[in-house]
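Listing of structure.pdb, PDB, C-alpha atoms
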```
ATOM      1  CA  MET A   1      -8.299 -30.213  17.162  1.00  0.00           C
ATOM      2  CA  GLU A   2      -4.605 -29.494  17.664  1.00  0.00           C
ATOM      3  CA  LEU A   3      -3.768 -27.219  20.574  1.00  0.00           C
ATOM      4  CA  SER A   4      -1.709 -24.971  18.302  1.00  0.00           C
ATOM      5  CA  THR A   5      -4.748 -24.412  16.096  1.00  0.00           C
ATOM      6  CA  ILE A   6      -6.887 -23.486  19.089  1.00  0.00           C
ATOM      7  CA  TRP A   7      -4.302 -20.999  20.367  1.00  0.00           C
ATOM      8  CA  LEU A   8      -4.044 -19.453  16.909  1.00  0.00           C
ATOM      9  CA  PHE A   9      -7.824 -19.057  16.881  1.00  0.00           C
ATOM     10  CA  VAL A  10      -7.760 -17.456  20.340  1.00  0.00           C
ATOM     11  CA  LEU A  11      -5.137 -14.961  19.202  1.00  0.00           C
ATOM     12  CA  ALA A  12      -7.014 -14.100  15.999  1.00  0.00           C
ATOM     13  CA  ALA A  13     -10.387 -13.844  17.756  1.00  0.00           C
ATOM     14  CA  ALA A  14      -9.013 -11.677  20.570  1.00  0.00           C
ATOM     15  CA  THR A  15      -7.450  -9.313  18.044  1.00  0.00           C
ATOM     16  CA  LEU A  16     -10.754  -8.961  16.212  1.00  0.00           C
ATOM     17  CA  LEU A  17     -12.734  -8.446  19.423  1.00  0.00           C
ATOM     18  CA  ILE A  18     -10.463  -5.663  20.647  1.00  0.00           C
ATOM     19  CA  ILE A  19     -11.468  -3.588  17.618  1.00  0.00           C
ATOM     20  CA  PRO A  20     -14.848  -1.960  18.460  1.00  0.00           C
ATOM     21  CA  GLY A  21     -17.700  -3.103  16.240  1.00  0.00           C
ATOM     22  CA  PRO A  22     -21.473  -2.551  16.169  1.00  0.00           C
ATOM     23  CA  ALA A  23     -22.075  -4.789  19.189  1.00  0.00           C
ATOM     24  CA  VAL A  24     -19.472  -2.923  21.240  1.00  0.00           C
ATOM     25  CA  PHE A  25     -20.942   0.458  20.339  1.00  0.00           C
ATOM     26  CA  TYR A  26     -24.398  -0.828  21.261  1.00  0.00           C
ATOM     27  CA  ILE A  27     -23.111  -1.998  24.666  1.00  0.00           C
ATOM     28  CA  MET A  28     -21.285   1.286  25.266  1.00  0.00           C
ATOM     29  CA  ALA A  29     -24.424   3.228  24.412  1.00  0.00           C
ATOM     30  CA  ARG A  30     -26.367   1.264  27.013  1.00  0.00           C
ATOM     31  CA  SER A  31     -23.666   1.840  29.637  1.00  0.00           C
ATOM     32  CA  ILE A  32     -23.431   5.575  28.980  1.00  0.00           C
ATOM     33  CA  ASN A  33     -27.176   6.022  29.071  1.00  0.00           C
ATOM     34  CA  GLN A  34     -28.170   3.669  31.910  1.00  0.00           C
ATOM     35  CA  GLY A  35     -25.078   2.736  33.868  1.00  0.00           C
ATOM     36  CA  LYS A  36     -22.754  -0.217  34.391  1.00  0.00           C
ATOM     37  CA  LYS A  37     -25.461  -2.745  35.299  1.00  0.00           C
ATOM     38  CA  ALA A  38     -27.358  -2.090  32.079  1.00  0.00           C
ATOM     39  CA  GLY A  39     -24.127  -2.316  30.095  1.00  0.00           C
ATOM     40  CA  LEU A  40     -23.120  -5.640  31.613  1.00  0.00           C
ATOM     41  CA  VAL A  41     -26.616  -7.067  31.146  1.00  0.00           C
ATOM     42  CA  SER A  42     -26.390  -5.962  27.514  1.00  0.00           C
ATOM     43  CA  VAL A  43     -23.123  -7.903  27.252  1.00  0.00           C
ATOM     44  CA  LEU A  44     -24.929 -11.034  28.439  1.00  0.00           C
ATOM     45  CA  GLY A  45     -27.779 -10.434  25.991  1.00  0.00           C
ATOM     46  CA  VAL A  46     -25.424  -9.914  23.061  1.00  0.00           C
ATOM     47  CA  SER A  47     -23.537 -13.071  24.065  1.00  0.00           C
ATOM     48  CA  LEU A  48     -26.790 -15.032  24.070  1.00  0.00           C
ATOM     49  CA  GLY A  49     -27.545 -13.712  20.586  1.00  0.00           C
ATOM     50  CA  GLY A  50     -24.071 -14.718  19.464  1.00  0.00           C
ATOM     51  CA  SER A  51     -24.614 -18.187  20.892  1.00  0.00           C
ATOM     52  CA  VAL A  52     -27.746 -18.546  18.777  1.00  0.00           C
ATOM     53  CA  HIS A  53     -25.710 -17.769  15.663  1.00  0.00           C
ATOM     54  CA  VAL A  54     -23.050 -20.284  16.723  1.00  0.00           C
ATOM     55  CA  LEU A  55     -25.656 -23.021  17.095  1.00  0.00           C
ATOM     56  CA  ALA A  56     -27.296 -22.054  13.812  1.00  0.00           C
ATOM     57  CA  GLY A  57     -23.954 -22.034  12.045  1.00  0.00           C
ATOM     58  CA  ALA A  58     -23.021 -25.425  13.484  1.00  0.00           C
ATOM     59  CA  MET A  59     -26.245 -26.913  12.162  1.00  0.00           C
ATOM     60  CA  GLY A  60     -25.881 -25.240   8.786  1.00  0.00           C
ATOM     61  CA  VAL A  61     -28.946 -23.020   9.143  1.00  0.00           C
ATOM     62  CA  SER A  62     -26.991 -19.776   8.828  1.00  0.00           C
ATOM     63  CA  ALA A  63     -25.856 -20.870   5.374  1.00  0.00           C
ATOM     64  CA  ILE A  64     -29.277 -19.766   4.143  1.00  0.00           C
ATOM     65  CA  LEU A  65     -28.194 -16.169   4.668  1.00  0.00           C
ATOM     66  CA  MET A  66     -25.240 -16.760   2.371  1.00  0.00           C
ATOM     67  CA  THR A  67     -27.291 -18.215  -0.463  1.00  0.00           C
ATOM     68  CA  SER A  68     -30.580 -16.330  -0.184  1.00  0.00           C
ATOM     69  CA  ALA A  69     -30.465 -12.607  -0.886  1.00  0.00           C
ATOM     70  CA  THR A  70     -34.104 -12.299   0.190  1.00  0.00           C
ATOM     71  CA  ALA A  71     -33.462 -13.880   3.592  1.00  0.00           C
ATOM     72  CA  PHE A  72     -30.467 -11.639   4.148  1.00  0.00           C
ATOM     73  CA  GLN A  73     -32.392  -8.500   3.207  1.00  0.00           C
ATOM     74  CA  ILE A  74     -35.332  -9.357   5.480  1.00  0.00           C
ATOM     75  CA  VAL A  75     -33.187 -10.052   8.537  1.00  0.00           C
ATOM     76  CA  LYS A  76     -30.909  -7.111   7.830  1.00  0.00           C
ATOM     77  CA  TYR A  77     -33.671  -4.535   7.505  1.00  0.00           C
ATOM     78  CA  LEU A  78     -35.608  -5.871  10.500  1.00  0.00           C
ATOM     79  CA  GLY A  79     -32.508  -5.531  12.643  1.00  0.00           C
ATOM     80  CA  ALA A  80     -31.742  -2.066  11.282  1.00  0.00           C
ATOM     81  CA  ALA A  81     -35.319  -0.895  11.852  1.00  0.00           C
ATOM     82  CA  TYR A  82     -35.228  -2.145  15.436  1.00  0.00           C
ATOM     83  CA  LEU A  83     -32.003  -0.248  16.172  1.00  0.00           C
ATOM     84  CA  ILE A  84     -33.387   2.943  14.644  1.00  0.00           C
ATOM     85  CA  TYR A  85     -36.551   2.468  16.713  1.00  0.00           C
ATOM     86  CA  LEU A  86     -34.472   2.198  19.900  1.00  0.00           C
ATOM     87  CA  GLY A  87     -32.586   5.345  18.880  1.00  0.00           C
ATOM     88  CA  CYS A  88     -35.728   7.381  18.259  1.00  0.00           C
ATOM     89  CA  LYS A  89     -37.284   6.050  21.465  1.00  0.00           C
ATOM     90  CA  THR A  90     -34.244   7.201  23.433  1.00  0.00           C
ATOM     91  CA  LEU A  91     -33.995  10.573  21.710  1.00  0.00           C
ATOM     92  CA  PHE A  92     -37.604  11.480  22.409  1.00  0.00           C
ATOM     93  CA  SER A  93     -37.816  10.059  25.926  1.00  0.00           C
ATOM     94  CA  LYS A  94     -38.327  12.470  28.802  1.00  0.00           C
ATOM     95  CA  SER A  95     -35.152  13.376  30.663  1.00  0.00           C
ATOM     96  CA  ALA A  96     -34.258  14.898  33.986  1.00  0.00           C
ATOM     97  CA  GLU A  97     -32.860  18.402  33.843  1.00  0.00           C
ATOM     98  CA  THR A  98     -29.799  17.825  36.019  1.00  0.00           C
ATOM     99  CA  ALA A  99     -27.315  15.063  36.667  1.00  0.00           C
ATOM    100  CA  SER A 100     -28.529  14.697  40.233  1.00  0.00           C
ATOM    101  CA  ASP A 101     -31.804  13.383  38.849  1.00  0.00           C
ATOM    102  CA  ILE A 102     -30.077  10.509  37.034  1.00  0.00           C
ATOM    103  CA  PRO A 103     -30.305   7.287  39.083  1.00  0.00           C
ATOM    104  CA  GLU A 104     -27.340   4.921  39.177  1.00  0.00           C
ATOM    105  CA  ALA A 105     -29.578   1.930  38.408  1.00  0.00           C
ATOM    106  CA  PRO A 106     -31.245   1.877  34.997  1.00  0.00           C
ATOM    107  CA  ARG A 107     -34.883   2.835  34.870  1.00  0.00           C
ATOM    108  CA  GLU A 108     -35.541   0.149  32.321  1.00  0.00           C
ATOM    109  CA  LYS A 109     -35.916  -3.354  33.748  1.00  0.00           C
ATOM    110  CA  LEU A 110     -32.773  -5.424  33.387  1.00  0.00           C
ATOM    111  CA  GLY A 111     -34.789  -8.303  31.972  1.00  0.00           C
ATOM    112  CA  LYS A 112     -36.037  -6.085  29.168  1.00  0.00           C
ATOM    113  CA  ILE A 113     -32.518  -4.822  28.463  1.00  0.00           C
ATOM    114  CA  PHE A 114     -31.289  -8.420  28.273  1.00  0.00           C
ATOM    115  CA  TYR A 115     -34.097  -9.375  25.881  1.00  0.00           C
ATOM    116  CA  GLU A 116     -33.579  -6.345  23.641  1.00  0.00           C
ATOM    117  CA  SER A 117     -29.802  -6.878  23.507  1.00  0.00           C
ATOM    118  CA  ALA A 118     -30.192 -10.542  22.578  1.00  0.00           C
ATOM    119  CA  LEU A 119     -32.755  -9.638  19.926  1.00  0.00           C
ATOM    120  CA  VAL A 120     -30.499  -6.995  18.368  1.00  0.00           C
ATOM    121  CA  GLU A 121     -27.648  -9.512  18.058  1.00  0.00           C
ATOM    122  CA  ILE A 122     -29.862 -12.347  16.811  1.00  0.00           C
ATOM    123  CA  MET A 123     -31.278 -10.081  14.108  1.00  0.00           C
ATOM    124  CA  ASN A 124     -27.803  -9.083  12.917  1.00  0.00           C
ATOM    125  CA  PRO A 125     -27.033 -11.320   9.898  1.00  0.00           C
ATOM    126  CA  LYS A 126     -23.460 -10.047   9.750  1.00  0.00           C
ATOM    127  CA  THR A 127     -22.713 -12.050  12.905  1.00  0.00           C
ATOM    128  CA  ALA A 128     -23.819 -15.260  11.225  1.00  0.00           C
ATOM    129  CA  LEU A 129     -21.888 -14.411   8.083  1.00  0.00           C
ATOM    130  CA  PHE A 130     -18.797 -13.593  10.104  1.00  0.00           C
ATOM    131  CA  PHE A 131     -18.880 -16.929  11.925  1.00  0.00           C
ATOM    132  CA  LEU A 132     -19.359 -18.813   8.657  1.00  0.00           C
ATOM    133  CA  ALA A 133     -16.416 -16.983   7.088  1.00  0.00           C
ATOM    134  CA  PHE A 134     -14.049 -17.016  10.089  1.00  0.00           C
ATOM    135  CA  PHE A 135     -14.497 -20.359  11.838  1.00  0.00           C
ATOM    136  CA  PRO A 136     -13.900 -22.661   8.826  1.00  0.00           C
ATOM    137  CA  GLN A 137     -10.350 -21.290   8.572  1.00  0.00           C
ATOM    138  CA  PHE A 138      -9.517 -23.236  11.753  1.00  0.00           C
ATOM    139  CA  ILE A 139     -11.622 -26.348  11.140  1.00  0.00           C
ATOM    140  CA  SER A 140     -10.265 -29.554   9.637  1.00  0.00           C
ATOM    141  CA  PRO A 141     -12.521 -32.462   8.660  1.00  0.00           C
ATOM    142  CA  ALA A 142      -9.629 -34.778   9.520  1.00  0.00           C
ATOM    143  CA  ALA A 143      -9.788 -33.611  13.145  1.00  0.00           C
ATOM    144  CA  GLY A 144     -13.242 -35.108  13.661  1.00  0.00           C
ATOM    145  CA  SER A 145     -16.800 -33.800  13.628  1.00  0.00           C
ATOM    146  CA  VAL A 146     -17.006 -30.426  11.893  1.00  0.00           C
ATOM    147  CA  THR A 147     -20.076 -29.581  13.973  1.00  0.00           C
ATOM    148  CA  SER A 148     -18.209 -30.259  17.218  1.00  0.00           C
ATOM    149  CA  GLN A 149     -15.261 -28.155  16.074  1.00  0.00           C
ATOM    150  CA  PHE A 150     -17.583 -25.300  15.130  1.00  0.00           C
ATOM    151  CA  LEU A 151     -19.253 -25.451  18.553  1.00  0.00           C
ATOM    152  CA  LEU A 152     -15.885 -25.520  20.333  1.00  0.00           C
ATOM    153  CA  LEU A 153     -14.620 -22.465  18.452  1.00  0.00           C
ATOM    154  CA  GLY A 154     -17.952 -20.743  19.017  1.00  0.00           C
ATOM    155  CA  THR A 155     -17.771 -21.350  22.763  1.00  0.00           C
ATOM    156  CA  ILE A 156     -14.241 -19.942  22.915  1.00  0.00           C
ATOM    157  CA  PHE A 157     -15.289 -16.908  20.885  1.00  0.00           C
ATOM    158  CA  ILE A 158     -18.307 -16.183  23.106  1.00  0.00           C
ATOM    159  CA  ILE A 159     -16.181 -16.405  26.265  1.00  0.00           C
ATOM    160  CA  LEU A 160     -13.603 -14.010  24.806  1.00  0.00           C
ATOM    161  CA  ALA A 161     -16.399 -11.676  23.688  1.00  0.00           C
ATOM    162  CA  LEU A 162     -17.880 -11.692  27.202  1.00  0.00           C
ATOM    163  CA  LEU A 163     -14.559 -10.569  28.673  1.00  0.00           C
ATOM    164  CA  CYS A 164     -13.793  -7.969  26.025  1.00  0.00           C
ATOM    165  CA  ASP A 165     -17.304  -6.518  25.812  1.00  0.00           C
ATOM    166  CA  GLY A 166     -17.499  -6.445  29.606  1.00  0.00           C
ATOM    167  CA  LEU A 167     -14.397  -4.253  29.726  1.00  0.00           C
ATOM    168  CA  TYR A 168     -15.939  -1.888  27.181  1.00  0.00           C
ATOM    169  CA  ALA A 169     -19.137  -1.728  29.245  1.00  0.00           C
ATOM    170  CA  VAL A 170     -17.193  -0.779  32.378  1.00  0.00           C
ATOM    171  CA  LEU A 171     -15.188   1.810  30.423  1.00  0.00           C
ATOM    172  CA  ALA A 172     -18.351   3.374  29.023  1.00  0.00           C
ATOM    173  CA  ALA A 173     -19.923   3.421  32.483  1.00  0.00           C
ATOM    174  CA  SER A 174     -16.930   5.350  33.801  1.00  0.00           C
ATOM    175  CA  MET A 175     -17.469   7.863  31.002  1.00  0.00           C
ATOM    176  CA  ARG A 176     -21.047   8.232  32.217  1.00  0.00           C
ATOM    177  CA  LYS A 177     -19.821   8.949  35.736  1.00  0.00           C
ATOM    178  CA  ARG A 178     -17.561  11.687  34.410  1.00  0.00           C
ATOM    179  CA  LEU A 179     -20.505  13.234  32.602  1.00  0.00           C
ATOM    180  CA  VAL A 180     -22.551  13.104  35.778  1.00  0.00           C
ATOM    181  CA  GLY A 181     -19.700  14.642  37.741  1.00  0.00           C
ATOM    182  CA  ARG A 182     -19.686  17.571  35.369  1.00  0.00           C
ATOM    183  CA  LYS A 183     -23.406  18.182  35.878  1.00  0.00           C
ATOM    184  CA  ALA A 184     -24.259  16.890  32.431  1.00  0.00           C
ATOM    185  CA  SER A 185     -27.962  16.527  31.793  1.00  0.00           C
ATOM    186  CA  SER A 186     -29.592  13.161  31.137  1.00  0.00           C
ATOM    187  CA  LYS A 187     -30.987  14.735  27.987  1.00  0.00           C
ATOM    188  CA  LEU A 188     -27.453  14.981  26.594  1.00  0.00           C
ATOM    189  CA  MET A 189     -26.747  11.344  27.432  1.00  0.00           C
ATOM    190  CA  ASN A 190     -30.015  10.310  25.824  1.00  0.00           C
ATOM    191  CA  ARG A 191     -29.007  12.145  22.669  1.00  0.00           C
ATOM    192  CA  ILE A 192     -25.618  10.433  22.594  1.00  0.00           C
ATOM    193  CA  THR A 193     -27.250   7.041  23.092  1.00  0.00           C
ATOM    194  CA  GLY A 194     -30.024   7.692  20.586  1.00  0.00           C
ATOM    195  CA  TYR A 195     -27.600   8.764  17.872  1.00  0.00           C
ATOM    196  CA  PHE A 196     -25.494   5.665  18.569  1.00  0.00           C
ATOM    197  CA  TYR A 197     -28.504   3.436  17.954  1.00  0.00           C
ATOM    198  CA  ILE A 198     -29.575   5.251  14.800  1.00  0.00           C
ATOM    199  CA  ILE A 199     -26.063   5.196  13.333  1.00  0.00           C
ATOM    200  CA  LEU A 200     -25.871   1.468  14.020  1.00  0.00           C
ATOM    201  CA  GLY A 201     -29.251   0.965  12.365  1.00  0.00           C
ATOM    202  CA  VAL A 202     -28.232   2.872   9.240  1.00  0.00           C
ATOM    203  CA  PHE A 203     -24.902   1.025   9.188  1.00  0.00           C
ATOM    204  CA  SER A 204     -26.720  -2.319   9.361  1.00  0.00           C
ATOM    205  CA  ALA A 205     -29.192  -1.326   6.651  1.00  0.00           C
ATOM    206  CA  PHE A 206     -26.416  -0.590   4.166  1.00  0.00           C
ATOM    207  CA  ALA A 207     -24.110  -3.423   5.254  1.00  0.00           C
ATOM    208  CA  SER A 208     -22.777  -5.608   2.493  1.00  0.00           C
ATOM    209  CA  PRO A 209     -23.453  -9.337   2.865  1.00  0.00           C
ATOM    210  CA  LEU A 210     -19.881  -9.983   1.733  1.00  0.00           C
ATOM    211  CA  LYS A 211     -18.250  -7.971   4.522  1.00  0.00           C
ATOM    212  CA  THR A 212     -17.933  -8.802   8.209  1.00  0.00           C
TER     213      THR A 212
END
```
In C-alpha cells, write the structure found in this file.
Amino acid sequence: MELSTIWLFVLAAATLLIIPGPAVFYIMARSINQGKKAGLVSVLGVSLGGSVHVLAGAMGVSAILMTSATAFQIVKYLGAAYLIYLGCKTLFSKSAETASDIPEAPREKLGKIFYESALVEIMNPKTALFFLAFFPQFISPAAGSVTSQFLLLGTIFIILALLCDGLYAVLAASMRKRLVGRKASSKLMNRITGYFYIILGVFSAFASPLKT
C-alpha cells in the first residue's frame, strides 16, 4: 500500500474515533461506575472484540451479516439484550450510601470486566458492517493481497482506538472522582451507568444494518 493512502486512512479513522460512539459510551460508563482501572480494562476488551471483527472481515466471514437479514437480527438482538441485562443488573445492585464507601478499585473482577467488554463488542454487528464499508475505500487489489491490506488497516484502526478510547476512559474516571468529591452516592453512579447500558441496548436493537 502507498504511504499516502495509509496516512489518509489514519486521518479518516482518527476523525471517526474522536466522535463518541456506543463503544465509547460503554467504556465511559464502566469508568464512571467502577473507576479508571475498570475503564481501561474495558478498552482492552473492546479492542479484542474489534480485533475479532477485523479477522472475520479479512476472511470474508463478516460478509454474512451483510447478506443475511436473519444473521444480522440474531446477533443484533443478542447484543442488545446483553447490554440491557448489564444495565438492569447495575440499576438494581446494592449500593453504598455515601461516597466514602466507594472503593477506588472495582468490586467486579477485572478479568470478568475484560470478558464482558469483549463480548459486547463481538456481539455488535455494526462494528463488522462498519469495517466492511470503511476499509475497502482504502484497499486496492493492485497493491497486493486484499486480506493483508485489510489486516494492516485493521491493526492501525485498533491501535488508534486503544489510544482514543483510553483517553475517554481516563476522562470518565476523572468525572467519577469529582462525583466522589461532592459526596455523591454510589447509587447515583449506578443509575447513570445502568441507564447508559440500557440506552445502548435499545440503540443497538433498533440499529439499521445500513448505517454505521
Exercise for the section: Work out how far apart CA of Phe25 in chain A and CA of Phe134 in chain A are and give it in Å to one decimal. Expected result: 21.4 Å
Exercise for the section: Grab the CA of Ala142 in chain A to CA of Ile6 in chain A distance for me, in Å with one decimal place. Expected result: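 Interatomic distance, CA of Ala142 in chain A to CA of Ile6 in chain A: 15.1 Å.
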Exercise for the section: Using all atoms listed in the file, determine which residues lie at most 10 Å from Tyr115 in chain A, disregarding the query and same-chain residues fewer than 3 positions distant; provide the list as a list in words. Expected result: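 Those residues are Val41, Ser42, Leu44, Gly45, Val46, Leu48, Gly49, Leu110, Gly111, Lys112, Ala118, Leu119 and Val120 of chain A.
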Practice task
Any chance you could resolve the PyMOL selection byres ((chain A and resi 169-174) around 10) against this file and give the residues as number ranges by chain?
Solution key: A: 24-43, 163-168, 175-180
Completion exercise
Between A:Phe150, A:Leu160, A:Ser117, A:Ile199, smallest distance to Ala133 in chain A by only C-alpha atoms belongs to A:Phe150
Handout entry: Point-to-point distance from CA of Ala80 in chain A to CA of Met123 in chain A, Å rounded to tenths
Key = 8.5 Å
Spatial neighbours of Cys88 in chain A, max dist 9 Å, only C-alpha atoms, sep filter under 2 positions, as an mmCIF file with C-alpha atoms, in the frame of the given file:
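This went into result-v2.cif:
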```
data_model
loop_
_atom_site.group_PDB
_atom_site.id
_atom_site.type_symbol
_atom_site.label_atom_id
_atom_site.label_comp_id
_atom_site.auth_asym_id
_atom_site.auth_seq_id
_atom_site.Cartn_x
_atom_site.Cartn_y
_atom_site.Cartn_z
ATOM 1 C CA LEU A 83 -32.003 -0.248 16.172
ATOM 2 C CA ILE A 84 -33.387 2.943 14.644
ATOM 3 C CA TYR A 85 -36.551 2.468 16.713
ATOM 4 C CA LEU A 86 -34.472 2.198 19.900
ATOM 5 C CA THR A 90 -34.244 7.201 23.433
ATOM 6 C CA LEU A 91 -33.995 10.573 21.710
ATOM 7 C CA PHE A 92 -37.604 11.480 22.409
ATOM 8 C CA SER A 93 -37.816 10.059 25.926
ATOM 9 C CA GLY A 194 -30.024 7.692 20.586
ATOM 10 C CA TYR A 195 -27.600 8.764 17.872
ATOM 11 C CA TYR A 197 -28.504 3.436 17.954
ATOM 12 C CA ILE A 198 -29.575 5.251 14.800
#
```
What residues come out when you apply the PyMOL selection byres ((chain A and resi 148) around 12) to this file, written as a PDB file with C-alpha atoms, in the coordinates of the input?
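Writing done, so here's result_34.pdb:
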```
ATOM      1  CA  MET A   1      -8.299 -30.213  17.162  1.00  0.00           C
ATOM      2  CA  VAL A  54     -23.050 -20.284  16.723  1.00  0.00           C
ATOM      3  CA  LEU A  55     -25.656 -23.021  17.095  1.00  0.00           C
ATOM      4  CA  GLY A  57     -23.954 -22.034  12.045  1.00  0.00           C
ATOM      5  CA  ALA A  58     -23.021 -25.425  13.484  1.00  0.00           C
ATOM      6  CA  MET A  59     -26.245 -26.913  12.162  1.00  0.00           C
ATOM      7  CA  PHE A 135     -14.497 -20.359  11.838  1.00  0.00           C
ATOM      8  CA  ILE A 139     -11.622 -26.348  11.140  1.00  0.00           C
ATOM      9  CA  SER A 140     -10.265 -29.554   9.637  1.00  0.00           C
ATOM     10  CA  PRO A 141     -12.521 -32.462   8.660  1.00  0.00           C
ATOM     11  CA  ALA A 143      -9.788 -33.611  13.145  1.00  0.00           C
ATOM     12  CA  GLY A 144     -13.242 -35.108  13.661  1.00  0.00           C
ATOM     13  CA  SER A 145     -16.800 -33.800  13.628  1.00  0.00           C
ATOM     14  CA  VAL A 146     -17.006 -30.426  11.893  1.00  0.00           C
ATOM     15  CA  THR A 147     -20.076 -29.581  13.973  1.00  0.00           C
ATOM     16  CA  GLN A 149     -15.261 -28.155  16.074  1.00  0.00           C
ATOM     17  CA  PHE A 150     -17.583 -25.300  15.130  1.00  0.00           C
ATOM     18  CA  LEU A 151     -19.253 -25.451  18.553  1.00  0.00           C
ATOM     19  CA  LEU A 152     -15.885 -25.520  20.333  1.00  0.00           C
ATOM     20  CA  LEU A 153     -14.620 -22.465  18.452  1.00  0.00           C
ATOM     21  CA  GLY A 154     -17.952 -20.743  19.017  1.00  0.00           C
ATOM     22  CA  THR A 155     -17.771 -21.350  22.763  1.00  0.00           C
TER      23      THR A 155
END
```
Exercise for the section: Using all atoms listed in the file, find the one residue out of A:Asn124, A:Phe131, A:Lys109, A:Ile158 that sits nearest to Gly60 in chain A. Expected result: A:Phe131
Mind giving me the axis-aligned box for range 12-22 of chain A with 5 Å on every side, centre plus edges in Å to one decimal, as lines of an AutoDock Vina configuration file?
```
center_x = -14.2
center_y = -8.0
center_z = 18.3
size_x = 24.5
size_y = 22.1
size_z = 14.6
```
